[in-house]
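K.L.:
Got a structure for you, written out below as structure tokens; questions coming shortly.
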Amino acid sequence: MKTDLDHLPSSKQHELQHVVRALFEEFEREIGLATQPWKKRGRILKVILYGSYARGDWVDDPIGGYKSDYDILVVVNDAKLTDPVEYWGKADDRLMRDATINDALSAPVNFIVHDYSDVNDQLTNGRPFFVDIARQGIALYEAEGFELATPRVLPPAEALAEAQKHFDQWFASAAGFLDTAQYAASQERSKEAAFQLHQAAERFYHCALLVLKLYSPKSHKLNFLRSHAEEVAPELIAAWPRADKFSRRRFELLRQAYVNARYSPHYEISDEELRWLGERVAELQALVKSVCDRRLTET
């Protein structure tokens, strides 16, 4: 695996060193007081940069408001250590603060965690997402003695059949949530409508990722899924205007709806905001349909 970051500005290289340090520090805090033998033996085996910063085609567009994220794969030695809440929540919070409050990072960090055995299974099963990481990714850290498996070439017919199954499941599910959101809005159940819109958008992103890459992160975080999906299908960027605070605030209302629209008495959303979000999710639906149709008609 490549280890060279010379294609990145020195400031970006230093930021990635900061990311690796933060991941190790927060992980070691989580397992530092462990008494179970398996947890005491917990290790990070690899930290891999993938996506646009690894390829060298990242975007930082202050006028249009679009900025590429740092995409990171963390590989650990035990599947139980991949739990995003128990072992990685504090690292996620720290890196989010570093990107939004502390000015330590110029771009947000999205990271996924898989165990070593699972990554190699994904490679031997020819999953395109992991094959791309193995071929294009850059190792920011690697423990000795843990080589990645040789990627299998997935037969096109097999990949297409699996992609079709994902589309049939996830697109219909997402469309159903959008229909429910529209009905809830018509009944003036604004919080319920906001939550249903979040679920629709989440499922449209899962749909796009699963159809195009046969993989989607197990996450409800809409900004995280949006970043991954837009990395794979840049056409989806058009669903969410970013150039003004007005648009960014409304996406933030949708992002928060997963928890706050259900549980917080302080969550408020106006009819105008709800209508705007509904229009954007409907646009996302059309864009996802377009990119998926293109993939599913490939020969």
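In the structure tokens, chains take the letters A, B, ... in the order shown, each chain's residues start at 1, and ligands count up from 1 in the order shown.
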Skipping near chain neighbours, those fewer than 4 positions away, what residues fall within 6 Å of range 2-17 of chain A using only C-alpha atoms, listed as a short mmCIF file (atom, residue, chain, number, x, y, z; two decimals) with C-alpha atoms, in the first residue's frame?

P.N.:
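The result, stored in result37.cif:
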```
data_model
loop_
_atom_site.label_atom_id
_atom_site.label_comp_id
_atom_site.auth_asym_id
_atom_site.auth_seq_id
_atom_site.Cartn_x
_atom_site.Cartn_y
_atom_site.Cartn_z
CA LEU A 105 -8.34 20.96 10.76
CA ILE A 138 -2.51 5.72 1.41
CA ALA A 139 -1.39 4.15 4.68
#
```

K.L.:
With range 254-268 of chain A as the partner and 6 Å as the cut-off, tabulate the residues of range 192-230 of chain A that qualify, each row holding the nearest pair of atoms and their distance in Å to one decimal, using only C-alpha atoms, sorted by chain and rising number, as JSON lines.

P.N.:
```
{"residue": "A:Ala194", "atom": "CA", "partner": "A:Ala257", "partner_atom": "CA", "distance": 5.9}
{"residue": "A:Phe195", "atom": "CA", "partner": "A:Ala257", "partner_atom": "CA", "distance": 5.1}
{"residue": "A:His198", "atom": "CA", "partner": "A:Leu254", "partner_atom": "CA", "distance": 5.8}
{"residue": "A:Leu222", "atom": "CA", "partner": "A:Arg255", "partner_atom": "CA", "distance": 5.7}
```

K.L.:
Give me the residues near Ser219 in chain A as number ranges by chain, where near means some atom within 10 Å (using only C-alpha atoms) and where sequence neighbours in that chain fewer than 5 positions away do not count.

P.N.:
A: 84, 112, 202, 206, 224-225

K.L.:
Dump N, CA, C and O atoms for the selected residues as a PDB file, in the first residue's frame?

P.N.:
```
ATOM      1  N   PRO A  84     -19.139   1.889  17.093  1.00  0.00           N
ATOM      2  CA  PRO A  84     -18.883   3.326  16.913  1.00  0.00           C
ATOM      3  C   PRO A  84     -19.168   4.166  18.153  1.00  0.00           C
ATOM      4  O   PRO A  84     -18.566   5.237  18.320  1.00  0.00           O
ATOM      5  N   ILE A 112     -14.371   5.384   9.182  1.00  0.00           N
ATOM      6  CA  ILE A 112     -15.082   4.132   9.389  1.00  0.00           C
ATOM      7  C   ILE A 112     -14.109   3.159  10.028  1.00  0.00           C
ATOM      8  O   ILE A 112     -12.878   3.264   9.837  1.00  0.00           O
ATOM      9  N   GLU A 202     -31.558   9.572   4.294  1.00  0.00           N
ATOM     10  CA  GLU A 202     -30.597   8.546   4.712  1.00  0.00           C
ATOM     11  C   GLU A 202     -30.675   7.329   3.799  1.00  0.00           C
ATOM     12  O   GLU A 202     -29.653   6.812   3.336  1.00  0.00           O
ATOM     13  N   HIS A 206     -27.938   5.551   1.291  1.00  0.00           N
ATOM     14  CA  HIS A 206     -27.576   4.137   1.375  1.00  0.00           C
ATOM     15  C   HIS A 206     -27.798   3.452   0.025  1.00  0.00           C
ATOM     16  O   HIS A 206     -26.980   2.643  -0.419  1.00  0.00           O
ATOM     17  N   PHE A 224     -22.383  12.490   7.222  1.00  0.00           N
ATOM     18  CA  PHE A 224     -21.410  11.435   6.952  1.00  0.00           C
ATOM     19  C   PHE A 224     -21.802  10.674   5.690  1.00  0.00           C
ATOM     20  O   PHE A 224     -20.987  10.454   4.778  1.00  0.00           O
ATOM     21  N   LEU A 225     -23.081  10.267   5.598  1.00  0.00           N
ATOM     22  CA  LEU A 225     -23.550   9.537   4.427  1.00  0.00           C
ATOM     23  C   LEU A 225     -23.532  10.420   3.190  1.00  0.00           C
ATOM     24  O   LEU A 225     -23.172   9.966   2.095  1.00  0.00           O
TER      25      LEU A 225
END
```

K.L.:
Closest to Leu73 in chain A among A:Glu30, A:Asp61, A:Glu142, A:Asp121, using only C-alpha atoms?

P.N.:
A:Glu142

K.L.:
Taking only C-alpha atoms into account, which of A:Gly126, A:Gly56, A:Pro37, A:Pro108 comes nearest Asp71 in chain A?

P.N.:
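Among the listed residues, the smallest separation from Asp71 in chain A belongs to A:Pro108.
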
K.L.:
If we count only C-alpha atoms, what is near range 281-295 of chain A at a cut-off of 9 Å, once residues fewer than 4 positions away on the same chain are taken out, given as a PDB file with all heavy atoms, in the first residue's frame?

P.N.:
```pdb
ATOM      1  N   LEU A 160     -23.643  -6.706 -10.852  1.00  0.00           N
ATOM      2  CA  LEU A 160     -24.861  -6.043 -11.313  1.00  0.00           C
ATOM      3  C   LEU A 160     -26.099  -6.621 -10.647  1.00  0.00           C
ATOM      4  O   LEU A 160     -27.011  -5.883 -10.252  1.00  0.00           O
ATOM      5  CB  LEU A 160     -24.970  -6.172 -12.829  1.00  0.00           C
ATOM      6  CG  LEU A 160     -26.024  -5.300 -13.511  1.00  0.00           C
ATOM      7  CD1 LEU A 160     -25.747  -3.825 -13.286  1.00  0.00           C
ATOM      8  CD2 LEU A 160     -26.078  -5.609 -15.004  1.00  0.00           C
ATOM      9  N   ALA A 163     -26.235  -5.292  -7.145  1.00  0.00           N
ATOM     10  CA  ALA A 163     -26.606  -3.883  -7.168  1.00  0.00           C
ATOM     11  C   ALA A 163     -28.115  -3.729  -7.396  1.00  0.00           C
ATOM     12  O   ALA A 163     -28.763  -2.881  -6.770  1.00  0.00           O
ATOM     13  CB  ALA A 163     -25.835  -3.149  -8.258  1.00  0.00           C
ATOM     14  N   GLN A 164     -28.688  -4.544  -8.271  1.00  0.00           N
ATOM     15  CA  GLN A 164     -30.125  -4.472  -8.539  1.00  0.00           C
ATOM     16  C   GLN A 164     -30.932  -4.818  -7.296  1.00  0.00           C
ATOM     17  O   GLN A 164     -31.950  -4.165  -6.995  1.00  0.00           O
ATOM     18  CB  GLN A 164     -30.497  -5.423  -9.676  1.00  0.00           C
ATOM     19  CG  GLN A 164     -31.961  -5.351 -10.095  1.00  0.00           C
ATOM     20  CD  GLN A 164     -32.323  -4.034 -10.741  1.00  0.00           C
ATOM     21  OE1 GLN A 164     -31.748  -3.664 -11.762  1.00  0.00           O
ATOM     22  NE2 GLN A 164     -33.278  -3.316 -10.153  1.00  0.00           N
ATOM     23  N   PHE A 167     -30.908  -1.855  -5.030  1.00  0.00           N
ATOM     24  CA  PHE A 167     -31.777  -0.783  -5.509  1.00  0.00           C
ATOM     25  C   PHE A 167     -33.243  -1.100  -5.214  1.00  0.00           C
ATOM     26  O   PHE A 167     -33.992  -0.236  -4.734  1.00  0.00           O
ATOM     27  CB  PHE A 167     -31.590  -0.570  -7.010  1.00  0.00           C
ATOM     28  CG  PHE A 167     -32.485   0.496  -7.569  1.00  0.00           C
ATOM     29  CD1 PHE A 167     -32.164   1.836  -7.435  1.00  0.00           C
ATOM     30  CD2 PHE A 167     -33.673   0.163  -8.211  1.00  0.00           C
ATOM     31  CE1 PHE A 167     -33.001   2.827  -7.921  1.00  0.00           C
ATOM     32  CE2 PHE A 167     -34.517   1.145  -8.709  1.00  0.00           C
ATOM     33  CZ  PHE A 167     -34.177   2.477  -8.567  1.00  0.00           C
ATOM     34  N   PHE A 171     -34.375   1.863  -2.626  1.00  0.00           N
ATOM     35  CA  PHE A 171     -35.045   2.992  -3.263  1.00  0.00           C
ATOM     36  C   PHE A 171     -36.525   3.005  -2.900  1.00  0.00           C
ATOM     37  O   PHE A 171     -37.089   4.066  -2.587  1.00  0.00           O
ATOM     38  CB  PHE A 171     -34.873   2.956  -4.786  1.00  0.00           C
ATOM     39  CG  PHE A 171     -35.240   4.249  -5.450  1.00  0.00           C
ATOM     40  CD1 PHE A 171     -34.337   5.293  -5.515  1.00  0.00           C
ATOM     41  CD2 PHE A 171     -36.501   4.431  -5.999  1.00  0.00           C
ATOM     42  CE1 PHE A 171     -34.677   6.501  -6.110  1.00  0.00           C
ATOM     43  CE2 PHE A 171     -36.852   5.630  -6.595  1.00  0.00           C
ATOM     44  CZ  PHE A 171     -35.934   6.669  -6.655  1.00  0.00           C
ATOM     45  N   ALA A 174     -36.845   4.233   0.713  1.00  0.00           N
ATOM     46  CA  ALA A 174     -36.642   5.680   0.820  1.00  0.00           C
ATOM     47  C   ALA A 174     -37.854   6.442   0.289  1.00  0.00           C
ATOM     48  O   ALA A 174     -38.316   7.415   0.898  1.00  0.00           O
ATOM     49  CB  ALA A 174     -35.386   6.084   0.056  1.00  0.00           C
ATOM     50  N   ALA A 175     -38.378   5.995  -0.840  1.00  0.00           N
ATOM     51  CA  ALA A 175     -39.547   6.670  -1.420  1.00  0.00           C
ATOM     52  C   ALA A 175     -40.746   6.583  -0.490  1.00  0.00           C
ATOM     53  O   ALA A 175     -41.539   7.531  -0.384  1.00  0.00           O
ATOM     54  CB  ALA A 175     -39.876   6.064  -2.783  1.00  0.00           C
ATOM     55  N   LEU A 178     -40.409   9.195   2.130  1.00  0.00           N
ATOM     56  CA  LEU A 178     -40.702  10.519   1.574  1.00  0.00           C
ATOM     57  C   LEU A 178     -42.216  10.725   1.456  1.00  0.00           C
ATOM     58  O   LEU A 178     -42.733  11.797   1.798  1.00  0.00           O
ATOM     59  CB  LEU A 178     -40.028  10.676   0.209  1.00  0.00           C
ATOM     60  CG  LEU A 178     -40.253  12.012  -0.512  1.00  0.00           C
ATOM     61  CD1 LEU A 178     -39.848  13.202   0.352  1.00  0.00           C
ATOM     62  CD2 LEU A 178     -39.484  12.027  -1.839  1.00  0.00           C
ATOM     63  N   LEU A 197     -38.403  12.819   6.672  1.00  0.00           N
ATOM     64  CA  LEU A 197     -37.528  13.325   5.611  1.00  0.00           C
ATOM     65  C   LEU A 197     -36.083  12.901   5.845  1.00  0.00           C
ATOM     66  O   LEU A 197     -35.355  12.568   4.906  1.00  0.00           O
ATOM     67  CB  LEU A 197     -37.625  14.857   5.531  1.00  0.00           C
ATOM     68  CG  LEU A 197     -38.869  15.428   4.864  1.00  0.00           C
ATOM     69  CD1 LEU A 197     -38.884  16.947   4.973  1.00  0.00           C
ATOM     70  CD2 LEU A 197     -38.951  15.010   3.396  1.00  0.00           C
ATOM     71  N   HIS A 198     -35.651  12.952   7.110  1.00  0.00           N
ATOM     72  CA  HIS A 198     -34.302  12.469   7.426  1.00  0.00           C
ATOM     73  C   HIS A 198     -34.162  11.014   7.004  1.00  0.00           C
ATOM     74  O   HIS A 198     -33.156  10.631   6.372  1.00  0.00           O
ATOM     75  CB  HIS A 198     -34.028  12.611   8.925  1.00  0.00           C
ATOM     76  CG  HIS A 198     -32.670  12.101   9.334  1.00  0.00           C
ATOM     77  ND1 HIS A 198     -32.364  10.754   9.422  1.00  0.00           N
ATOM     78  CD2 HIS A 198     -31.533  12.763   9.665  1.00  0.00           C
ATOM     79  CE1 HIS A 198     -31.112  10.619   9.790  1.00  0.00           C
ATOM     80  NE2 HIS A 198     -30.583  11.818   9.942  1.00  0.00           N
ATOM     81  N   ALA A 200     -35.838   9.345   4.789  1.00  0.00           N
ATOM     82  CA  ALA A 200     -35.845   9.224   3.337  1.00  0.00           C
ATOM     83  C   ALA A 200     -34.469   9.557   2.762  1.00  0.00           C
ATOM     84  O   ALA A 200     -33.922   8.813   1.939  1.00  0.00           O
ATOM     85  CB  ALA A 200     -36.907  10.145   2.746  1.00  0.00           C
ATOM     86  N   ALA A 201     -33.896  10.694   3.200  1.00  0.00           N
ATOM     87  CA  ALA A 201     -32.577  11.089   2.693  1.00  0.00           C
ATOM     88  C   ALA A 201     -31.526  10.053   3.046  1.00  0.00           C
ATOM     89  O   ALA A 201     -30.687   9.685   2.209  1.00  0.00           O
ATOM     90  CB  ALA A 201     -32.192  12.456   3.261  1.00  0.00           C
ATOM     91  N   PHE A 204     -31.935   7.109   0.720  1.00  0.00           N
ATOM     92  CA  PHE A 204     -31.494   7.399  -0.641  1.00  0.00           C
ATOM     93  C   PHE A 204     -29.971   7.334  -0.736  1.00  0.00           C
ATOM     94  O   PHE A 204     -29.419   6.833  -1.729  1.00  0.00           O
ATOM     95  CB  PHE A 204     -32.007   8.767  -1.098  1.00  0.00           C
ATOM     96  CG  PHE A 204     -33.459   8.772  -1.503  1.00  0.00           C
ATOM     97  CD1 PHE A 204     -34.334   9.723  -0.985  1.00  0.00           C
ATOM     98  CD2 PHE A 204     -33.958   7.832  -2.396  1.00  0.00           C
ATOM     99  CE1 PHE A 204     -35.680   9.733  -1.352  1.00  0.00           C
ATOM    100  CE2 PHE A 204     -35.303   7.829  -2.764  1.00  0.00           C
ATOM    101  CZ  PHE A 204     -36.158   8.779  -2.244  1.00  0.00           C
ATOM    102  N   TYR A 205     -29.275   7.850   0.288  1.00  0.00           N
ATOM    103  CA  TYR A 205     -27.817   7.772   0.267  1.00  0.00           C
ATOM    104  C   TYR A 205     -27.332   6.326   0.396  1.00  0.00           C
ATOM    105  O   TYR A 205     -26.399   5.915  -0.310  1.00  0.00           O
ATOM    106  CB  TYR A 205     -27.225   8.639   1.376  1.00  0.00           C
ATOM    107  CG  TYR A 205     -27.247  10.105   1.059  1.00  0.00           C
ATOM    108  CD1 TYR A 205     -27.740  11.037   1.978  1.00  0.00           C
ATOM    109  CD2 TYR A 205     -26.774  10.591  -0.162  1.00  0.00           C
ATOM    110  CE1 TYR A 205     -27.766  12.395   1.689  1.00  0.00           C
ATOM    111  CE2 TYR A 205     -26.798  11.940  -0.461  1.00  0.00           C
ATOM    112  CZ  TYR A 205     -27.299  12.837   0.459  1.00  0.00           C
ATOM    113  OH  TYR A 205     -27.323  14.180   0.162  1.00  0.00           O
ATOM    114  N   CYS A 207     -28.907   3.784  -0.619  1.00  0.00           N
ATOM    115  CA  CYS A 207     -29.214   3.191  -1.916  1.00  0.00           C
ATOM    116  C   CYS A 207     -28.116   3.482  -2.934  1.00  0.00           C
ATOM    117  O   CYS A 207     -27.611   2.573  -3.603  1.00  0.00           O
ATOM    118  CB  CYS A 207     -30.560   3.719  -2.422  1.00  0.00           C
ATOM    119  SG  CYS A 207     -31.053   3.085  -4.043  1.00  0.00           S
ATOM    120  N   ALA A 208     -27.745   4.740  -3.056  1.00  0.00           N
ATOM    121  CA  ALA A 208     -26.717   5.119  -4.032  1.00  0.00           C
ATOM    122  C   ALA A 208     -25.400   4.401  -3.750  1.00  0.00           C
ATOM    123  O   ALA A 208     -24.754   3.867  -4.670  1.00  0.00           O
ATOM    124  CB  ALA A 208     -26.517   6.630  -4.016  1.00  0.00           C
ATOM    125  N   VAL A 211     -25.680   0.552  -4.462  1.00  0.00           N
ATOM    126  CA  VAL A 211     -25.764   0.245  -5.887  1.00  0.00           C
ATOM    127  C   VAL A 211     -24.426   0.482  -6.575  1.00  0.00           C
ATOM    128  O   VAL A 211     -23.971  -0.322  -7.387  1.00  0.00           O
ATOM    129  CB  VAL A 211     -26.870   1.084  -6.552  1.00  0.00           C
ATOM    130  CG1 VAL A 211     -26.793   0.991  -8.083  1.00  0.00           C
ATOM    131  CG2 VAL A 211     -28.245   0.622  -6.071  1.00  0.00           C
ATOM    132  N   LEU A 212     -23.770   1.585  -6.235  1.00  0.00           N
ATOM    133  CA  LEU A 212     -22.542   1.951  -6.939  1.00  0.00           C
ATOM    134  C   LEU A 212     -21.306   1.236  -6.409  1.00  0.00           C
ATOM    135  O   LEU A 212     -20.379   0.945  -7.169  1.00  0.00           O
ATOM    136  CB  LEU A 212     -22.333   3.462  -6.867  1.00  0.00           C
ATOM    137  CG  LEU A 212     -23.433   4.310  -7.510  1.00  0.00           C
ATOM    138  CD1 LEU A 212     -23.127   5.783  -7.340  1.00  0.00           C
ATOM    139  CD2 LEU A 212     -23.609   3.969  -8.978  1.00  0.00           C
ATOM    140  N   ALA A 233     -20.629   9.690  -6.209  1.00  0.00           N
ATOM    141  CA  ALA A 233     -21.468  10.229  -7.287  1.00  0.00           C
ATOM    142  C   ALA A 233     -21.577  11.743  -7.125  1.00  0.00           C
ATOM    143  O   ALA A 233     -22.505  12.245  -6.482  1.00  0.00           O
ATOM    144  CB  ALA A 233     -22.855   9.586  -7.252  1.00  0.00           C
ATOM    145  N   GLU A 235     -22.708  13.986  -8.820  1.00  0.00           N
ATOM    146  CA  GLU A 235     -23.974  14.576  -9.257  1.00  0.00           C
ATOM    147  C   GLU A 235     -24.897  14.868  -8.081  1.00  0.00           C
ATOM    148  O   GLU A 235     -25.740  15.767  -8.142  1.00  0.00           O
ATOM    149  CB  GLU A 235     -24.698  13.634 -10.229  1.00  0.00           C
ATOM    150  CG  GLU A 235     -23.903  13.263 -11.466  1.00  0.00           C
ATOM    151  CD  GLU A 235     -23.203  11.919 -11.324  1.00  0.00           C
ATOM    152  OE1 GLU A 235     -22.580  11.694 -10.262  1.00  0.00           O
ATOM    153  OE2 GLU A 235     -23.281  11.123 -12.273  1.00  0.00           O
ATOM    154  N   LEU A 236     -24.746  14.113  -7.006  1.00  0.00           N
ATOM    155  CA  LEU A 236     -25.629  14.269  -5.853  1.00  0.00           C
ATOM    156  C   LEU A 236     -25.378  15.569  -5.086  1.00  0.00           C
ATOM    157  O   LEU A 236     -26.213  15.981  -4.275  1.00  0.00           O
ATOM    158  CB  LEU A 236     -25.479  13.078  -4.908  1.00  0.00           C
ATOM    159  CG  LEU A 236     -25.738  11.687  -5.509  1.00  0.00           C
ATOM    160  CD1 LEU A 236     -25.639  10.618  -4.433  1.00  0.00           C
ATOM    161  CD2 LEU A 236     -27.094  11.632  -6.187  1.00  0.00           C
ATOM    162  N   ILE A 237     -24.254  16.209  -5.328  1.00  0.00           N
ATOM    163  CA  ILE A 237     -23.949  17.478  -4.657  1.00  0.00           C
ATOM    164  C   ILE A 237     -25.044  18.504  -4.939  1.00  0.00           C
ATOM    165  O   ILE A 237     -25.384  19.322  -4.079  1.00  0.00           O
ATOM    166  CB  ILE A 237     -22.571  18.006  -5.117  1.00  0.00           C
ATOM    167  CG1 ILE A 237     -21.450  17.062  -4.669  1.00  0.00           C
ATOM    168  CG2 ILE A 237     -22.321  19.414  -4.580  1.00  0.00           C
ATOM    169  CD1 ILE A 237     -20.090  17.391  -5.256  1.00  0.00           C
ATOM    170  N   ALA A 238     -25.627  18.436  -6.127  1.00  0.00           N
ATOM    171  CA  ALA A 238     -26.617  19.434  -6.546  1.00  0.00           C
ATOM    172  C   ALA A 238     -27.876  19.412  -5.691  1.00  0.00           C
ATOM    173  O   ALA A 238     -28.649  20.379  -5.705  1.00  0.00           O
ATOM    174  CB  ALA A 238     -26.987  19.215  -8.008  1.00  0.00           C
ATOM    175  N   ALA A 239     -28.105  18.335  -4.943  1.00  0.00           N
ATOM    176  CA  ALA A 239     -29.322  18.257  -4.127  1.00  0.00           C
ATOM    177  C   ALA A 239     -29.322  19.274  -2.995  1.00  0.00           C
ATOM    178  O   ALA A 239     -30.395  19.688  -2.534  1.00  0.00           O
ATOM    179  CB  ALA A 239     -29.483  16.842  -3.555  1.00  0.00           C
ATOM    180  N   TRP A 240     -28.127  19.692  -2.545  1.00  0.00           N
ATOM    181  CA  TRP A 240     -28.055  20.542  -1.351  1.00  0.00           C
ATOM    182  C   TRP A 240     -27.231  21.795  -1.625  1.00  0.00           C
ATOM    183  O   TRP A 240     -26.000  21.735  -1.630  1.00  0.00           O
ATOM    184  CB  TRP A 240     -27.439  19.771  -0.179  1.00  0.00           C
ATOM    185  CG  TRP A 240     -28.256  18.579   0.188  1.00  0.00           C
ATOM    186  CD1 TRP A 240     -27.973  17.271  -0.075  1.00  0.00           C
ATOM    187  CD2 TRP A 240     -29.522  18.590   0.848  1.00  0.00           C
ATOM    188  NE1 TRP A 240     -28.978  16.468   0.390  1.00  0.00           N
ATOM    189  CE2 TRP A 240     -29.949  17.238   0.967  1.00  0.00           C
ATOM    190  CE3 TRP A 240     -30.333  19.602   1.370  1.00  0.00           C
ATOM    191  CZ2 TRP A 240     -31.151  16.882   1.574  1.00  0.00           C
ATOM    192  CZ3 TRP A 240     -31.530  19.246   1.968  1.00  0.00           C
ATOM    193  CH2 TRP A 240     -31.931  17.908   2.066  1.00  0.00           C
ATOM    194  N   TRP A 276     -39.151  23.437   1.990  1.00  0.00           N
ATOM    195  CA  TRP A 276     -37.857  23.506   1.291  1.00  0.00           C
ATOM    196  C   TRP A 276     -37.115  22.173   1.397  1.00  0.00           C
ATOM    197  O   TRP A 276     -36.584  21.659   0.407  1.00  0.00           O
ATOM    198  CB  TRP A 276     -37.024  24.637   1.886  1.00  0.00           C
ATOM    199  CG  TRP A 276     -35.753  24.949   1.154  1.00  0.00           C
ATOM    200  CD1 TRP A 276     -35.585  25.825   0.131  1.00  0.00           C
ATOM    201  CD2 TRP A 276     -34.453  24.377   1.412  1.00  0.00           C
ATOM    202  NE1 TRP A 276     -34.260  25.851  -0.273  1.00  0.00           N
ATOM    203  CE2 TRP A 276     -33.548  24.975   0.491  1.00  0.00           C
ATOM    204  CE3 TRP A 276     -33.971  23.439   2.308  1.00  0.00           C
ATOM    205  CZ2 TRP A 276     -32.200  24.648   0.461  1.00  0.00           C
ATOM    206  CZ3 TRP A 276     -32.620  23.105   2.272  1.00  0.00           C
ATOM    207  CH2 TRP A 276     -31.746  23.703   1.373  1.00  0.00           C
ATOM    208  N   LEU A 277     -37.085  21.607   2.590  1.00  0.00           N
ATOM    209  CA  LEU A 277     -36.412  20.324   2.776  1.00  0.00           C
ATOM    210  C   LEU A 277     -37.083  19.217   1.970  1.00  0.00           C
ATOM    211  O   LEU A 277     -36.408  18.359   1.389  1.00  0.00           O
ATOM    212  CB  LEU A 277     -36.377  19.950   4.261  1.00  0.00           C
ATOM    213  CG  LEU A 277     -35.420  20.767   5.130  1.00  0.00           C
ATOM    214  CD1 LEU A 277     -35.634  20.442   6.605  1.00  0.00           C
ATOM    215  CD2 LEU A 277     -33.973  20.509   4.734  1.00  0.00           C
TER     216      LEU A 277
END
```

K.L.:
Compile the contact shell of Pro156 in chain A as a list of chain:residue names: residues with an atom at most 12 Å away, counting only C-alpha atoms, same-chain residues fewer than 5 positions apart removed.

P.N.:
A:Gly126, A:Arg127, A:Pro128, A:Ala161, A:Glu162, A:Ala163, A:Arg295, A:Leu296, A:Thr297, A:Glu298, A:Thr299

K.L.:
One decimal, in Å: what's the spacing between CA of Val75 in chain A and CA of Val47 in chain A?

P.N.:
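That distance, rounded to one decimal, is 6.4 Å.
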
K.L.:
Considering only strand (DSSP E) as DSSP defines it on the backbone, what residues of range 4-88 of chain A qualify? List them as a list in words.

P.N.:
Ile44, Leu45, Lys46, Val47, Ile48, Leu49, Tyr50, Asp60, Asp61, Tyr66, Lys67, Tyr70, Asp71, Ile72, Leu73, Val74, Val75 and Val76 of chain A

K.L.:
Excluding Arg275 in chain A and residues on its chain fewer than 4 positions from it, collect all residues at most 12 Å away from it, counting only C-alpha atoms, and give them as a count of residues only.

P.N.:
20

K.L.:
Report the distance between CA of Tyr70 in chain A and CA of Val109 in chain A in Å, rounded to one decimal place.

P.N.:
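Interatomic distance, CA of Tyr70 in chain A to CA of Val109 in chain A: 4.7 Å.
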
K.L.:
Hey, which of A:Val131, A:Ala107, A:Leu45, A:Val76 ends up closest to Gly145 in chain A? Count only C-alpha atoms.

P.N.:
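Answer, going by the shortest atom-to-atom distance: A:Leu45.
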
K.L.:
May I ask which of the residues A:Met96, A:Met1, A:Glu231, A:Thr180 is the closest one to Asp57 in chain A, counting only C-alpha atoms?

P.N.:
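Looking only at the distances to Asp57 in chain A, the closest residue turns out to be A:Glu231.
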